[in-house]
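Notes follow once the structure below has been shown.
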Amino acid sequence: MIKPTAVLAILSTLAIPGGFAIRSQDTLDPLDKRLGGFELLNETFVDGLAKIDGQTELGIAVELPLKERLSDANISYVRFTSHVPGGTIQDVLNYLCSLDPRFSWSRYKQIINVYPRNTSVLGDKYFMNRRLSDTIVEISDPAEGIFSTTAALAGSLEQIAFSQSGALPGFSRPWSFSSDGRTLREAFDEIALHMGTGYGWTLGGANEFRVIRFHARLLPGGTPEAKGEAGSQEGSYIQVVSVAVEPHTIHAKDKPSQAVVKASLVVRGNIPSGSTATVELSTYSSEVPGVKLCYEKRIQMVALDSDFIGVEFPVTACPDTAQGKVLLGVTVQGATGHVMIKRTPSDKGQMSQLTIAVP
């Protein structure tokens with residue numbers, strides 16, 4: 001007869017042969033999980049990232065090489081026909097980076113960051129490597145998060161635009177972001193992490209006009225080169241890509257009493273000479289009744305003679321206003337020359353918040 005203690009000892013030995021526990025896929029670090037191999041058929045490095053993204057719960061954030069000016073020709077991406085062997089996520093990422101050595105990658109929490117390899121040695125000379133000043137930012141939506149964290153950069157201000165062609169989940173409630181010496185890249189990662197599992201972002205455009213987009217999943221054909229081909233098929237369009245207000249707080253009687261709402265618009269395609277667009281500033285909501293703004297002008301007509309157009313709307317607090325916050329939006333109401341108006345999913349354009357204090 002075997003004693004109970006002996007049975008336990010035998011079971012223990014069988015459960016952990018050789019003294020090692022068996023780790024399931026669920027307990028592995030996500031970077032150590034194995035992916036199936038896939039084919040690249042005349043496709044780019046970014047297409048390969050999209051195929052990785054389809055097999056992992058990690059988010060992928062991609063910083064594409066930036067042109068100097070928005071009007072410059074699109075950067076050319078090498079196309080590959082290659083079998084990418086299966087392996088861990090880091091194995092597959094390393095293989096892709098060996099195909100196109102212009103790129104490198106690193107990890108921040110549950111986000112894979114991919115960026116031009118040469119930027120890692122540029123320090124804070126590269127936009128995304130810059131660190132935020134010590135601050136706490138209240139974030140209620142992704143667009144606000146982008147502009148608020150960028151405004152918290154130590155030193156000189158930087159330009160960035162937010163563009164979105166699909167619906168975003170937003171946040172169930174506002175949350176506080178503490179910079180804690182993070183880089184701007186890590187700040188954008190935090191915004192994506194708060195949006196949900198697997199969310200990431202893409203930075204593109206030009207040094208003079210950077211554009212960021214969030215995504216639930218990367219899609220093949222995500223390079224500007226491919227987007228340019230698609231854009232030529234869908235026709236010419238104009239789109240509001242960012243709205244900011246400076247300063248964020250004005251007073252009914254004290255100074256400052258005036259703010260400027262600044263909208264950035266992009267124009268794409270073959271725009272006929274002399275084309276114009278009508279741009280309107282609107283008030284969408286206020287947190288309390290009686291919040292009033294006075295406008296110099298709410299509608300402007302702009303010439304579509306550039307790839308990037310800036311429009312400014314001065315606003316002041318009316319003398320009889322209540323104290324509170326108001327949400328301001330800018331939309332394109334019309335365009336000539338058969339130019340399409342590309343709108344956001346909410347059809348309210350981009351928005352920014354202004355606080356009115358009394359007195």
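How things are named: the first chain in the structure tokens is A, the next is B, and so on; residues count from 1 in each chain; ligands count from 1 in the order shown.
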Apply DSSP to the structure's backbone, then extract all residues of stretch 65-182 of chain A labelled helix (DSSP H, G or I) and return them as an mmCIF file with N, CA and C atoms, in the first residue's frame.
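Produced file part.cif, reproduced below:
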data_model
loop_
_atom_site.group_PDB
_atom_site.id
_atom_site.type_symbol
_atom_site.label_atom_id
_atom_site.label_comp_id
_atom_site.auth_asym_id
_atom_site.auth_seq_id
_atom_site.Cartn_x
_atom_site.Cartn_y
_atom_site.Cartn_z
ATOM 1 N N ILE A 89 7.069 37.302 -31.804
ATOM 2 C CA ILE A 89 6.816 38.623 -32.383
ATOM 3 C C ILE A 89 8.123 39.376 -32.584
ATOM 4 N N GLN A 90 9.018 39.293 -31.595
ATOM 5 C CA GLN A 90 10.278 40.021 -31.757
ATOM 6 C C GLN A 90 11.133 39.424 -32.871
ATOM 7 N N ASP A 91 11.050 38.100 -33.078
ATOM 8 C CA ASP A 91 11.770 37.491 -34.199
ATOM 9 C C ASP A 91 11.267 38.041 -35.532
ATOM 10 N N VAL A 92 9.935 38.117 -35.660
ATOM 11 C CA VAL A 92 9.345 38.571 -36.921
ATOM 12 C C VAL A 92 9.632 40.060 -37.141
ATOM 13 N N LEU A 93 9.567 40.860 -36.073
ATOM 14 C CA LEU A 93 9.903 42.281 -36.194
ATOM 15 C C LEU A 93 11.357 42.464 -36.625
ATOM 16 N N ASN A 94 12.247 41.693 -36.025
ATOM 17 C CA ASN A 94 13.661 41.792 -36.397
ATOM 18 C C ASN A 94 13.875 41.391 -37.855
ATOM 19 N N TYR A 95 13.122 40.391 -38.311
ATOM 20 C CA TYR A 95 13.257 39.970 -39.709
ATOM 21 C C TYR A 95 12.798 41.087 -40.648
ATOM 22 N N LEU A 96 11.657 41.719 -40.317
ATOM 23 C CA LEU A 96 11.176 42.822 -41.155
ATOM 24 C C LEU A 96 12.188 43.964 -41.195
ATOM 25 N N CYS A 97 12.784 44.271 -40.037
ATOM 26 C CA CYS A 97 13.769 45.355 -39.988
ATOM 27 C C CYS A 97 15.039 44.997 -40.755
ATOM 28 N N SER A 98 15.311 43.704 -40.907
ATOM 29 C CA SER A 98 16.460 43.307 -41.734
ATOM 30 C C SER A 98 16.142 43.489 -43.216
ATOM 31 N N LEU A 99 14.852 43.366 -43.579
ATOM 32 C CA LEU A 99 14.457 43.613 -44.967
ATOM 33 C C LEU A 99 14.567 45.096 -45.304
ATOM 34 N N ARG A 117 15.281 54.337 -38.080
ATOM 35 C CA ARG A 117 16.420 53.935 -37.255
ATOM 36 C C ARG A 117 17.317 55.115 -36.885
ATOM 37 N N ASN A 118 17.498 56.050 -37.808
ATOM 38 C CA ASN A 118 18.433 57.148 -37.541
ATOM 39 C C ASN A 118 17.937 58.103 -36.463
ATOM 40 N N THR A 119 16.631 58.067 -36.133
ATOM 41 C CA THR A 119 16.106 58.996 -35.133
ATOM 42 C C THR A 119 16.534 58.629 -33.721
ATOM 43 N N SER A 120 16.953 57.383 -33.514
ATOM 44 C CA SER A 120 17.325 56.953 -32.162
ATOM 45 C C SER A 120 18.599 57.634 -31.677
ATOM 46 N N VAL A 121 19.407 58.162 -32.604
ATOM 47 C CA VAL A 121 20.657 58.818 -32.209
ATOM 48 C C VAL A 121 20.538 60.344 -32.262
ATOM 49 N N GLY A 123 18.462 62.190 -30.423
ATOM 50 C CA GLY A 123 18.068 62.794 -29.156
ATOM 51 C C GLY A 123 16.858 63.689 -29.330
ATOM 52 N N ASP A 124 16.823 64.804 -28.582
ATOM 53 C CA ASP A 124 15.646 65.674 -28.649
ATOM 54 C C ASP A 124 15.616 66.553 -29.894
ATOM 55 N N LYS A 125 16.562 66.343 -30.814
ATOM 56 C CA LYS A 125 16.462 67.023 -32.104
ATOM 57 C C LYS A 125 15.336 66.423 -32.945
ATOM 58 N N PHE A 127 11.534 65.210 -33.082
ATOM 59 C CA PHE A 127 10.269 65.595 -32.462
ATOM 60 C C PHE A 127 9.770 64.585 -31.426
ATOM 61 N N MET A 128 9.700 63.313 -31.786
ATOM 62 C CA MET A 128 9.085 62.320 -30.912
ATOM 63 C C MET A 128 9.973 61.921 -29.737
ATOM 64 N N ASN A 129 11.264 62.258 -29.803
ATOM 65 C CA ASN A 129 12.173 61.956 -28.693
ATOM 66 C C ASN A 129 12.129 63.011 -27.593
ATOM 67 N N PRO A 142 -9.295 61.720 -27.475
ATOM 68 C CA PRO A 142 -7.974 61.529 -28.088
ATOM 69 C C PRO A 142 -7.386 62.792 -28.712
ATOM 70 N N ALA A 143 -8.207 63.573 -29.418
ATOM 71 C CA ALA A 143 -7.685 64.784 -30.057
ATOM 72 C C ALA A 143 -7.161 65.764 -29.016
ATOM 73 N N GLU A 144 -7.933 65.960 -27.953
ATOM 74 C CA GLU A 144 -7.491 66.850 -26.884
ATOM 75 C C GLU A 144 -6.190 66.339 -26.271
ATOM 76 N N GLY A 145 -6.081 65.007 -26.135
ATOM 77 C CA GLY A 145 -4.865 64.429 -25.582
ATOM 78 C C GLY A 145 -3.643 64.733 -26.426
ATOM 79 N N ILE A 146 -3.802 64.642 -27.744
ATOM 80 C CA ILE A 146 -2.683 64.939 -28.649
ATOM 81 C C ILE A 146 -2.208 66.376 -28.471
ATOM 82 N N PHE A 147 -3.150 67.317 -28.497
ATOM 83 C CA PHE A 147 -2.767 68.728 -28.435
ATOM 84 C C PHE A 147 -2.267 69.121 -27.045
ATOM 85 N N SER A 148 -2.878 68.571 -25.991
ATOM 86 C CA SER A 148 -2.472 68.929 -24.631
ATOM 87 C C SER A 148 -1.080 68.408 -24.303
ATOM 88 N N THR A 149 -0.785 67.175 -24.711
ATOM 89 C CA THR A 149 0.542 66.628 -24.418
ATOM 90 C C THR A 149 1.614 67.310 -25.265
ATOM 91 N N THR A 150 1.294 67.623 -26.516
ATOM 92 C CA THR A 150 2.269 68.329 -27.354
ATOM 93 C C THR A 150 2.557 69.715 -26.788
ATOM 94 N N ALA A 151 1.517 70.373 -26.260
ATOM 95 C CA ALA A 151 1.706 71.698 -25.662
ATOM 96 C C ALA A 151 2.554 71.635 -24.398
#
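Every protein, DNA or RNA residue with an atom at most 8 Å from A:Glu68, where only C-alpha atoms count and chain neighbours fewer than 4 positions away do not, is listed here: A:Asp72, A:Ala206, A:Asn207, A:Glu208.
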> Hey, what's within 12 Å of A:Met351 if we count only C-alpha atoms and toss same-chain stuff fewer than 4 positions away? As a VMD selection string, please?
Replying inline: chain A and resid 141 to 144 147 162 to 163 240 to 245 261 to 264 281 to 285 326 to 331 344 346 to 347
>> Need to verify the contact set: A:Lys33, 8 Å, only C-alpha atoms, exclusion of same-chain residues closer than 5 positions in sequence. Can you return it as a PyMOL selection string?
In response: chain A and resi 25+28+87-89
I need the chosen residues saved as a compact mmCIF listing (two decimals), in the first residue's frame, with N, CA, C and O atoms.
# COMPACT_ATOMS: atom_id res chain seq x y z
N GLN A 25 0.56 29.72 -23.40
CA GLN A 25 0.65 30.93 -24.22
C GLN A 25 0.07 32.14 -23.49
O GLN A 25 0.51 33.27 -23.69
N LEU A 28 2.71 33.88 -21.29
CA LEU A 28 3.91 34.39 -21.94
C LEU A 28 3.85 35.90 -22.09
O LEU A 28 2.78 36.49 -22.23
N GLY A 87 7.64 32.81 -35.97
CA GLY A 87 8.51 32.88 -34.80
C GLY A 87 7.85 33.77 -33.76
O GLY A 87 6.67 34.09 -33.85
N THR A 88 8.61 34.16 -32.75
CA THR A 88 8.07 35.10 -31.78
C THR A 88 7.86 36.45 -32.45
O THR A 88 8.41 36.73 -33.52
N ILE A 89 7.07 37.30 -31.80
CA ILE A 89 6.82 38.62 -32.38
C ILE A 89 8.12 39.38 -32.58
O ILE A 89 8.34 40.00 -33.62
>> With distances taken over only C-alpha atoms, which residue among A:Gly205, A:Pro314, A:Pro272, A:Pro319 lies nearest A:Asp254?
In response: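 Among the listed residues, the smallest separation from A:Asp254 belongs to A:Pro319.
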> So which bits of stretch 54-277 of chain A end up strand (DSSP E) when you DSSP the backbone, as a PyMOL selection string?
Replying inline: chain A and resi 59-63+80-84+87-88+103-108+111-116+136-139+161-162+175-178+200-206+209-215+237-246+249-251+258-268+276-277
> What's the 7 Å shell around A:Ser82, counting only C-alpha atoms, without same-chain residues fewer than 4 positions away, as a list in words?
Replying inline: Glu39, Leu40 and Leu41 of chain A
Keeping only all heavy atoms, write the selected residues to a file as a PDB file, in the first residue's frame.
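The result, stored in part_10.pdb:
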ATOM      1  N   GLU A  39       3.432  35.862 -46.279  1.00  0.00           N
ATOM      2  CA  GLU A  39       4.101  36.263 -47.514  1.00  0.00           C
ATOM      3  C   GLU A  39       3.977  37.770 -47.729  1.00  0.00           C
ATOM      4  O   GLU A  39       2.930  38.365 -47.469  1.00  0.00           O
ATOM      5  CB  GLU A  39       3.474  35.542 -48.717  1.00  0.00           C
ATOM      6  CG  GLU A  39       3.483  34.027 -48.625  1.00  0.00           C
ATOM      7  CD  GLU A  39       4.889  33.447 -48.635  1.00  0.00           C
ATOM      8  OE1 GLU A  39       5.771  34.043 -49.302  1.00  0.00           O
ATOM      9  OE2 GLU A  39       5.097  32.403 -47.980  1.00  0.00           O
ATOM     10  N   LEU A  40       5.049  38.358 -48.199  1.00  0.00           N
ATOM     11  CA  LEU A  40       5.011  39.716 -48.731  1.00  0.00           C
ATOM     12  C   LEU A  40       5.109  39.599 -50.245  1.00  0.00           C
ATOM     13  O   LEU A  40       6.086  39.054 -50.767  1.00  0.00           O
ATOM     14  CB  LEU A  40       6.170  40.557 -48.188  1.00  0.00           C
ATOM     15  CG  LEU A  40       6.116  40.950 -46.707  1.00  0.00           C
ATOM     16  CD1 LEU A  40       7.378  41.719 -46.322  1.00  0.00           C
ATOM     17  CD2 LEU A  40       4.880  41.781 -46.400  1.00  0.00           C
ATOM     18  N   LEU A  41       4.099  40.074 -50.936  1.00  0.00           N
ATOM     19  CA  LEU A  41       4.042  39.968 -52.392  1.00  0.00           C
ATOM     20  C   LEU A  41       4.049  41.372 -52.983  1.00  0.00           C
ATOM     21  O   LEU A  41       3.009  42.032 -53.071  1.00  0.00           O
ATOM     22  CB  LEU A  41       2.789  39.196 -52.819  1.00  0.00           C
ATOM     23  CG  LEU A  41       2.661  37.775 -52.243  1.00  0.00           C
ATOM     24  CD1 LEU A  41       1.326  37.155 -52.615  1.00  0.00           C
ATOM     25  CD2 LEU A  41       3.819  36.907 -52.724  1.00  0.00           C
TER      26      LEU A  41
END
> Pick the closest to A:Glu57 from A:Gly198, A:Gly337, A:Pro85, A:Pro247: which is it, counting only C-alpha atoms?
Replying inline: A:Gly198
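Atom CA of A:Val332 is found 10.2 Å from atom CA of A:Val302.
When atom CA of A:Arg79 is paired with atom CA of A:Leu49, their separation reads 13.3 Å.
Going from atom CA of A:Glu158 to atom CA of A:Glu280 covers 25.3 Å.
For A:Lys253, the set of protein, DNA and RNA residues having any atom at most 12 Å away, when counting only C-alpha atoms and skipping those fewer than 2 positions along the same chain, is Ile250, His251, Lys255, Pro256, Ser257, Gln258, Thr316, Ala317, Cys318, Pro319, Asp320, Thr321, Ala322, Gln323, Ile356, Ala357, Val358 and Pro359 of chain A.
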With N, CA, C and O atoms retained, write the just-selected residues as a PDB file, in the first residue's frame.
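Generated output (part07.pdb):
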ATOM      1  N   ILE A 250     -10.128  82.599 -20.986  1.00  0.00           N
ATOM      2  CA  ILE A 250     -10.265  84.050 -21.115  1.00  0.00           C
ATOM      3  C   ILE A 250     -11.238  84.543 -20.044  1.00  0.00           C
ATOM      4  O   ILE A 250     -11.930  83.747 -19.401  1.00  0.00           O
ATOM      5  N   HIS A 251     -11.281  85.871 -19.854  1.00  0.00           N
ATOM      6  CA  HIS A 251     -12.093  86.469 -18.795  1.00  0.00           C
ATOM      7  C   HIS A 251     -13.120  87.430 -19.388  1.00  0.00           C
ATOM      8  O   HIS A 251     -12.896  88.028 -20.448  1.00  0.00           O
ATOM      9  N   LYS A 255      -8.001  90.499 -17.995  1.00  0.00           N
ATOM     10  CA  LYS A 255      -7.210  90.074 -19.141  1.00  0.00           C
ATOM     11  C   LYS A 255      -6.654  88.671 -18.892  1.00  0.00           C
ATOM     12  O   LYS A 255      -6.375  88.315 -17.752  1.00  0.00           O
ATOM     13  N   PRO A 256      -6.482  87.859 -19.945  1.00  0.00           N
ATOM     14  CA  PRO A 256      -6.874  88.125 -21.336  1.00  0.00           C
ATOM     15  C   PRO A 256      -8.374  87.927 -21.532  1.00  0.00           C
ATOM     16  O   PRO A 256      -8.982  87.062 -20.909  1.00  0.00           O
ATOM     17  N   SER A 257      -8.940  88.726 -22.390  1.00  0.00           N
ATOM     18  CA  SER A 257     -10.370  88.628 -22.670  1.00  0.00           C
ATOM     19  C   SER A 257     -10.638  88.094 -24.074  1.00  0.00           C
ATOM     20  O   SER A 257     -11.795  87.894 -24.442  1.00  0.00           O
ATOM     21  N   GLN A 258      -9.577  87.894 -24.844  1.00  0.00           N
ATOM     22  CA  GLN A 258      -9.746  87.407 -26.215  1.00  0.00           C
ATOM     23  C   GLN A 258      -8.921  86.143 -26.438  1.00  0.00           C
ATOM     24  O   GLN A 258      -7.821  85.998 -25.904  1.00  0.00           O
ATOM     25  N   THR A 316     -14.189  86.682 -28.162  1.00  0.00           N
ATOM     26  CA  THR A 316     -14.088  87.338 -26.858  1.00  0.00           C
ATOM     27  C   THR A 316     -15.247  86.892 -25.985  1.00  0.00           C
ATOM     28  O   THR A 316     -16.293  86.457 -26.481  1.00  0.00           O
ATOM     29  N   ALA A 317     -15.052  86.996 -24.676  1.00  0.00           N
ATOM     30  CA  ALA A 317     -16.133  86.691 -23.741  1.00  0.00           C
ATOM     31  C   ALA A 317     -17.101  87.867 -23.713  1.00  0.00           C
ATOM     32  O   ALA A 317     -16.688  89.022 -23.550  1.00  0.00           O
ATOM     33  N   CYS A 318     -18.377  87.604 -23.915  1.00  0.00           N
ATOM     34  CA  CYS A 318     -19.377  88.671 -23.864  1.00  0.00           C
ATOM     35  C   CYS A 318     -19.472  89.217 -22.434  1.00  0.00           C
ATOM     36  O   CYS A 318     -19.278  88.468 -21.463  1.00  0.00           O
ATOM     37  N   PRO A 319     -19.770  90.507 -22.279  1.00  0.00           N
ATOM     38  CA  PRO A 319     -19.811  91.111 -20.932  1.00  0.00           C
ATOM     39  C   PRO A 319     -20.782  90.423 -19.978  1.00  0.00           C
ATOM     40  O   PRO A 319     -20.543  90.376 -18.774  1.00  0.00           O
ATOM     41  N   ASP A 320     -21.892  89.878 -20.501  1.00  0.00           N
ATOM     42  CA  ASP A 320     -22.910  89.270 -19.632  1.00  0.00           C
ATOM     43  C   ASP A 320     -22.802  87.746 -19.579  1.00  0.00           C
ATOM     44  O   ASP A 320     -23.760  87.060 -19.230  1.00  0.00           O
ATOM     45  N   THR A 321     -21.634  87.207 -19.918  1.00  0.00           N
ATOM     46  CA  THR A 321     -21.483  85.754 -19.943  1.00  0.00           C
ATOM     47  C   THR A 321     -21.448  85.159 -18.542  1.00  0.00           C
ATOM     48  O   THR A 321     -21.033  85.812 -17.573  1.00  0.00           O
ATOM     49  N   ALA A 322     -21.886  83.926 -18.447  1.00  0.00           N
ATOM     50  CA  ALA A 322     -21.689  83.149 -17.225  1.00  0.00           C
ATOM     51  C   ALA A 322     -20.309  82.503 -17.278  1.00  0.00           C
ATOM     52  O   ALA A 322     -19.653  82.480 -18.322  1.00  0.00           O
ATOM     53  N   GLN A 323     -19.866  81.994 -16.154  1.00  0.00           N
ATOM     54  CA  GLN A 323     -18.575  81.305 -16.102  1.00  0.00           C
ATOM     55  C   GLN A 323     -18.764  79.845 -16.485  1.00  0.00           C
ATOM     56  O   GLN A 323     -19.729  79.202 -16.080  1.00  0.00           O
ATOM     57  N   ILE A 356     -14.250  80.126 -19.904  1.00  0.00           N
ATOM     58  CA  ILE A 356     -14.537  81.539 -19.664  1.00  0.00           C
ATOM     59  C   ILE A 356     -14.635  81.748 -18.164  1.00  0.00           C
ATOM     60  O   ILE A 356     -15.404  81.059 -17.477  1.00  0.00           O
ATOM     61  N   ALA A 357     -13.829  82.663 -17.647  1.00  0.00           N
ATOM     62  CA  ALA A 357     -13.819  82.960 -16.217  1.00  0.00           C
ATOM     63  C   ALA A 357     -14.443  84.327 -15.968  1.00  0.00           C
ATOM     64  O   ALA A 357     -14.346  85.234 -16.797  1.00  0.00           O
ATOM     65  N   VAL A 358     -15.103  84.477 -14.827  1.00  0.00           N
ATOM     66  CA  VAL A 358     -15.713  85.750 -14.434  1.00  0.00           C
ATOM     67  C   VAL A 358     -15.125  86.156 -13.092  1.00  0.00           C
ATOM     68  O   VAL A 358     -15.144  85.356 -12.146  1.00  0.00           O
ATOM     69  N   PRO A 359     -14.592  87.379 -12.926  1.00  0.00           N
ATOM     70  CA  PRO A 359     -14.677  88.482 -13.897  1.00  0.00           C
ATOM     71  C   PRO A 359     -13.644  88.343 -14.989  1.00  0.00           C
ATOM     72  O   PRO A 359     -12.749  87.546 -14.934  1.00  0.00           O
TER      73      PRO A 359
END
